[in-house]
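Engineer: Input: one structure, supplied below.
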Amino acid sequence: MESTSPEPSTAAAAAAAAVAETGCSVQIRRLEATDHEKGFVALLSQLSACPDLTASEFAACFADLAALGDDHVILVAEDPTAPESRILATGCLFVERKFLRGGGKVGHVEDVVVDAAARGRGLGLRVVRRLVEIAKEAGCYKVILDCTPELRAYYAKCGFVEKGVQMAIYF
Ligand SMILES: CC(=O)SCCNC(=O)CCNC(=O)[C@H](O)C(C)(C)COP(=O)(O)OP(=O)(O)OC[C@H]1O[C@@H](n2cnc3c(N)ncnc32)[C@H](O)[C@@H]1OP(=O)(O)O
């Protein structure tokens, strides 16, 4: 599973490992309670309505979602070597458990967003590919998502193929 933030003494080593693997020092890891201070909510507001949360509201929401364990994984991208480290990208995987397929699991990719200033550097691709890997490791038989037609090409780059029709009722 994803690592938590490294201690300061190991941050440089972790950054070096990220550089060796991906060519840049941005690391992908699971969301942590302290990420409220690193602009996580503001980043989500680049995707959809996401009013700011107080620290205690964020902590309560974090605890609710953390209680779902590996059935609800939020990944974030951060460059720990940056002077003032901010969350640059995020994406979520929700694992739905079913009776179908002998108690099968379906992964749902949700809430993918890259900070406007960090787009076009492959971060969106890295986050989604890692979510897909996690879904596969969790035993999901498929991963699905909803997106606008404009994002077809991006999700195709992430390995998705078009299937079915999205329908919704908003409340
Ligand atoms: C399930 C959901 O959450 S759907 C909601 C998705 N999120 C949003 O729409 C929020 C606003 N947009 C964003 O945050 C970003 O633009 C994202 C997430 C769509 C893409 O993130 P980026 O980090 O910029 O994408 P990344 O650099 O990894 O691009 C990967 C590949 O997809 C392509 N790509 C990226 N965005 C698009 C796009 N909008 N249309 C077509 N191709 C695209 C890139 O050209 C790149 O291709 P290449 O490897 O041949 O160069």
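Identifiers in this document derive from the order of the structure tokens: chains are assigned A, B, ..., residues are numbered from 1 separately in each chain, and ligands are numbered from 1 in order of occurrence.
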Residues up to 6 Å from ligand 1, counting only C-alpha atoms and all ligand atoms: could you list those as an MDAnalysis selection string?
Structural biologist: chainID A and resid 47 109:114 119:125 145:147 150:151 153:154 157
Engineer: Excluding same-chain residues fewer than 4 positions from A:Val41, what lies within 12 Å of it counting only C-alpha atoms, as a ChimeraX atom specification?
Structural biologist: /A:31,33-37,45-55,57-58,61-62,76,86-90,111,113,115
Engineer: Using only C-alpha atoms, which of A:Ala59, A:Ala135, A:Ile28, A:Val127 sits nearest A:Asp71?
Structural biologist: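 Under the stated criterion, the closest residue is A:Ala135.
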Engineer: Using DSSP on the backbone, list every residue of stretch 17-106 of chain A that comes out as alpha helix (DSSP H), and give them as a ChimeraX atom specification.
Structural biologist: /A:17-22,40-44,55-66,100-103
Engineer: Which parts of stretch 30-136 of chain A does DSSP call strand (DSSP E) when run on the backbone here, written out as a PDB file with N, CA and C atoms, in the first residue's frame?
Structural biologist:
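In the end it all went to out_20.pdb:
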ATOM      1  N   ARG A  30      -0.837   8.208   0.108  1.00  0.00           N
ATOM      2  CA  ARG A  30      -2.223   8.321   0.597  1.00  0.00           C
ATOM      3  C   ARG A  30      -2.422   9.650   1.316  1.00  0.00           C
ATOM      4  N   HIS A  72     -11.603   2.625   0.600  1.00  0.00           N
ATOM      5  CA  HIS A  72     -11.703   4.026   0.165  1.00  0.00           C
ATOM      6  C   HIS A  72     -10.309   4.643   0.246  1.00  0.00           C
ATOM      7  N   VAL A  73      -9.666   4.713  -0.920  1.00  0.00           N
ATOM      8  CA  VAL A  73      -8.274   5.160  -0.965  1.00  0.00           C
ATOM      9  C   VAL A  73      -8.208   6.520  -1.654  1.00  0.00           C
ATOM     10  N   ILE A  74      -7.699   7.515  -0.965  1.00  0.00           N
ATOM     11  CA  ILE A  74      -7.465   8.815  -1.595  1.00  0.00           C
ATOM     12  C   ILE A  74      -5.960   8.990  -1.727  1.00  0.00           C
ATOM     13  N   LEU A  75      -5.510   9.152  -2.966  1.00  0.00           N
ATOM     14  CA  LEU A  75      -4.091   9.400  -3.215  1.00  0.00           C
ATOM     15  C   LEU A  75      -3.871  10.894  -3.449  1.00  0.00           C
ATOM     16  N   VAL A  76      -2.712  11.367  -3.063  1.00  0.00           N
ATOM     17  CA  VAL A  76      -2.326  12.748  -3.359  1.00  0.00           C
ATOM     18  C   VAL A  76      -0.903  12.741  -3.906  1.00  0.00           C
ATOM     19  N   ALA A  77      -0.604  13.791  -4.661  1.00  0.00           N
ATOM     20  CA  ALA A  77       0.755  13.980  -5.178  1.00  0.00           C
ATOM     21  C   ALA A  77       1.343  15.209  -4.514  1.00  0.00           C
ATOM     22  N   GLU A  78       2.574  15.074  -4.076  1.00  0.00           N
ATOM     23  CA  GLU A  78       3.244  16.172  -3.370  1.00  0.00           C
ATOM     24  C   GLU A  78       4.735  16.109  -3.677  1.00  0.00           C
ATOM     25  N   ILE A  87      -0.347  20.138  -1.997  1.00  0.00           N
ATOM     26  CA  ILE A  87      -0.885  18.977  -2.705  1.00  0.00           C
ATOM     27  C   ILE A  87      -1.125  19.385  -4.158  1.00  0.00           C
ATOM     28  N   LEU A  88      -0.499  18.660  -5.076  1.00  0.00           N
ATOM     29  CA  LEU A  88      -0.525  19.015  -6.493  1.00  0.00           C
ATOM     30  C   LEU A  88      -1.585  18.257  -7.280  1.00  0.00           C
ATOM     31  N   ALA A  89      -1.967  17.096  -6.788  1.00  0.00           N
ATOM     32  CA  ALA A  89      -2.935  16.281  -7.522  1.00  0.00           C
ATOM     33  C   ALA A  89      -3.588  15.301  -6.559  1.00  0.00           C
ATOM     34  N   THR A  90      -4.759  14.848  -6.929  1.00  0.00           N
ATOM     35  CA  THR A  90      -5.425  13.845  -6.105  1.00  0.00           C
ATOM     36  C   THR A  90      -6.330  12.980  -6.966  1.00  0.00           C
ATOM     37  N   GLY A  91      -6.709  11.840  -6.418  1.00  0.00           N
ATOM     38  CA  GLY A  91      -7.674  10.942  -7.047  1.00  0.00           C
ATOM     39  C   GLY A  91      -8.101   9.929  -6.006  1.00  0.00           C
ATOM     40  N   CYS A  92      -9.294   9.390  -6.191  1.00  0.00           N
ATOM     41  CA  CYS A  92      -9.868   8.505  -5.178  1.00  0.00           C
ATOM     42  C   CYS A  92     -10.284   7.181  -5.811  1.00  0.00           C
ATOM     43  N   LEU A  93     -10.147   6.107  -5.047  1.00  0.00           N
ATOM     44  CA  LEU A  93     -10.667   4.795  -5.453  1.00  0.00           C
ATOM     45  C   LEU A  93     -11.626   4.313  -4.383  1.00  0.00           C
ATOM     46  N   PHE A  94     -12.858   4.049  -4.791  1.00  0.00           N
ATOM     47  CA  PHE A  94     -13.827   3.441  -3.879  1.00  0.00           C
ATOM     48  C   PHE A  94     -14.049   2.009  -4.330  1.00  0.00           C
ATOM     49  N   VAL A  95     -13.913   1.065  -3.411  1.00  0.00           N
ATOM     50  CA  VAL A  95     -14.088  -0.350  -3.744  1.00  0.00           C
ATOM     51  C   VAL A  95     -15.481  -0.789  -3.291  1.00  0.00           C
ATOM     52  N   GLU A  96     -16.289  -1.124  -4.293  1.00  0.00           N
ATOM     53  CA  GLU A  96     -17.672  -1.568  -4.037  1.00  0.00           C
ATOM     54  C   GLU A  96     -17.689  -3.094  -3.947  1.00  0.00           C
ATOM     55  N   ARG A  97     -18.284  -3.608  -2.881  1.00  0.00           N
ATOM     56  CA  ARG A  97     -18.368  -5.066  -2.706  1.00  0.00           C
ATOM     57  C   ARG A  97     -19.737  -5.540  -3.162  1.00  0.00           C
ATOM     58  N   LYS A 105     -15.632  -7.508  -6.508  1.00  0.00           N
ATOM     59  CA  LYS A 105     -15.409  -6.104  -6.142  1.00  0.00           C
ATOM     60  C   LYS A 105     -15.252  -5.271  -7.412  1.00  0.00           C
ATOM     61  N   VAL A 106     -15.810  -4.064  -7.356  1.00  0.00           N
ATOM     62  CA  VAL A 106     -15.665  -3.112  -8.461  1.00  0.00           C
ATOM     63  C   VAL A 106     -14.982  -1.856  -7.927  1.00  0.00           C
ATOM     64  N   GLY A 107     -13.977  -1.396  -8.631  1.00  0.00           N
ATOM     65  CA  GLY A 107     -13.307  -0.155  -8.240  1.00  0.00           C
ATOM     66  C   GLY A 107     -13.930   1.028  -8.962  1.00  0.00           C
ATOM     67  N   HIS A 108     -14.185   2.093  -8.230  1.00  0.00           N
ATOM     68  CA  HIS A 108     -14.710   3.328  -8.812  1.00  0.00           C
ATOM     69  C   HIS A 108     -13.663   4.425  -8.652  1.00  0.00           C
ATOM     70  N   VAL A 109     -13.193   4.954  -9.754  1.00  0.00           N
ATOM     71  CA  VAL A 109     -12.249   6.086  -9.693  1.00  0.00           C
ATOM     72  C   VAL A 109     -13.052   7.378  -9.672  1.00  0.00           C
ATOM     73  N   GLU A 110     -12.756   8.215  -8.711  1.00  0.00           N
ATOM     74  CA  GLU A 110     -13.523   9.449  -8.486  1.00  0.00           C
ATOM     75  C   GLU A 110     -12.564  10.602  -8.168  1.00  0.00           C
ATOM     76  N   ASP A 111     -13.066  11.814  -8.361  1.00  0.00           N
ATOM     77  CA  ASP A 111     -12.425  13.025  -7.832  1.00  0.00           C
ATOM     78  C   ASP A 111     -10.947  13.150  -8.198  1.00  0.00           C
ATOM     79  N   VAL A 112     -10.702  13.027  -9.497  1.00  0.00           N
ATOM     80  CA  VAL A 112      -9.337  13.189 -10.017  1.00  0.00           C
ATOM     81  C   VAL A 112      -9.136  14.660 -10.383  1.00  0.00           C
ATOM     82  N   VAL A 113      -8.137  15.269  -9.845  1.00  0.00           N
ATOM     83  CA  VAL A 113      -7.839  16.663 -10.215  1.00  0.00           C
ATOM     84  C   VAL A 113      -6.360  16.962  -9.979  1.00  0.00           C
ATOM     85  N   VAL A 114      -5.813  17.710 -10.912  1.00  0.00           N
ATOM     86  CA  VAL A 114      -4.422  18.174 -10.833  1.00  0.00           C
ATOM     87  C   VAL A 114      -4.464  19.700 -10.760  1.00  0.00           C
TER      88      VAL A 114
END
Engineer: Using only C-alpha atoms, find the one residue out of A:Val26, A:Ala20, A:Ala118, A:Cys140 that sits nearest to A:Leu43.
Structural biologist: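 Closest candidate: A:Ala118.
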Engineer: Could you work out how far atom CA of A:Asp70 lies from atom CA of A:Leu100, giving the answer in Å with one decimal?
Structural biologist: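 Between atom CA of A:Leu100 and atom CA of A:Asp70 the gap works out to 20.1 Å.
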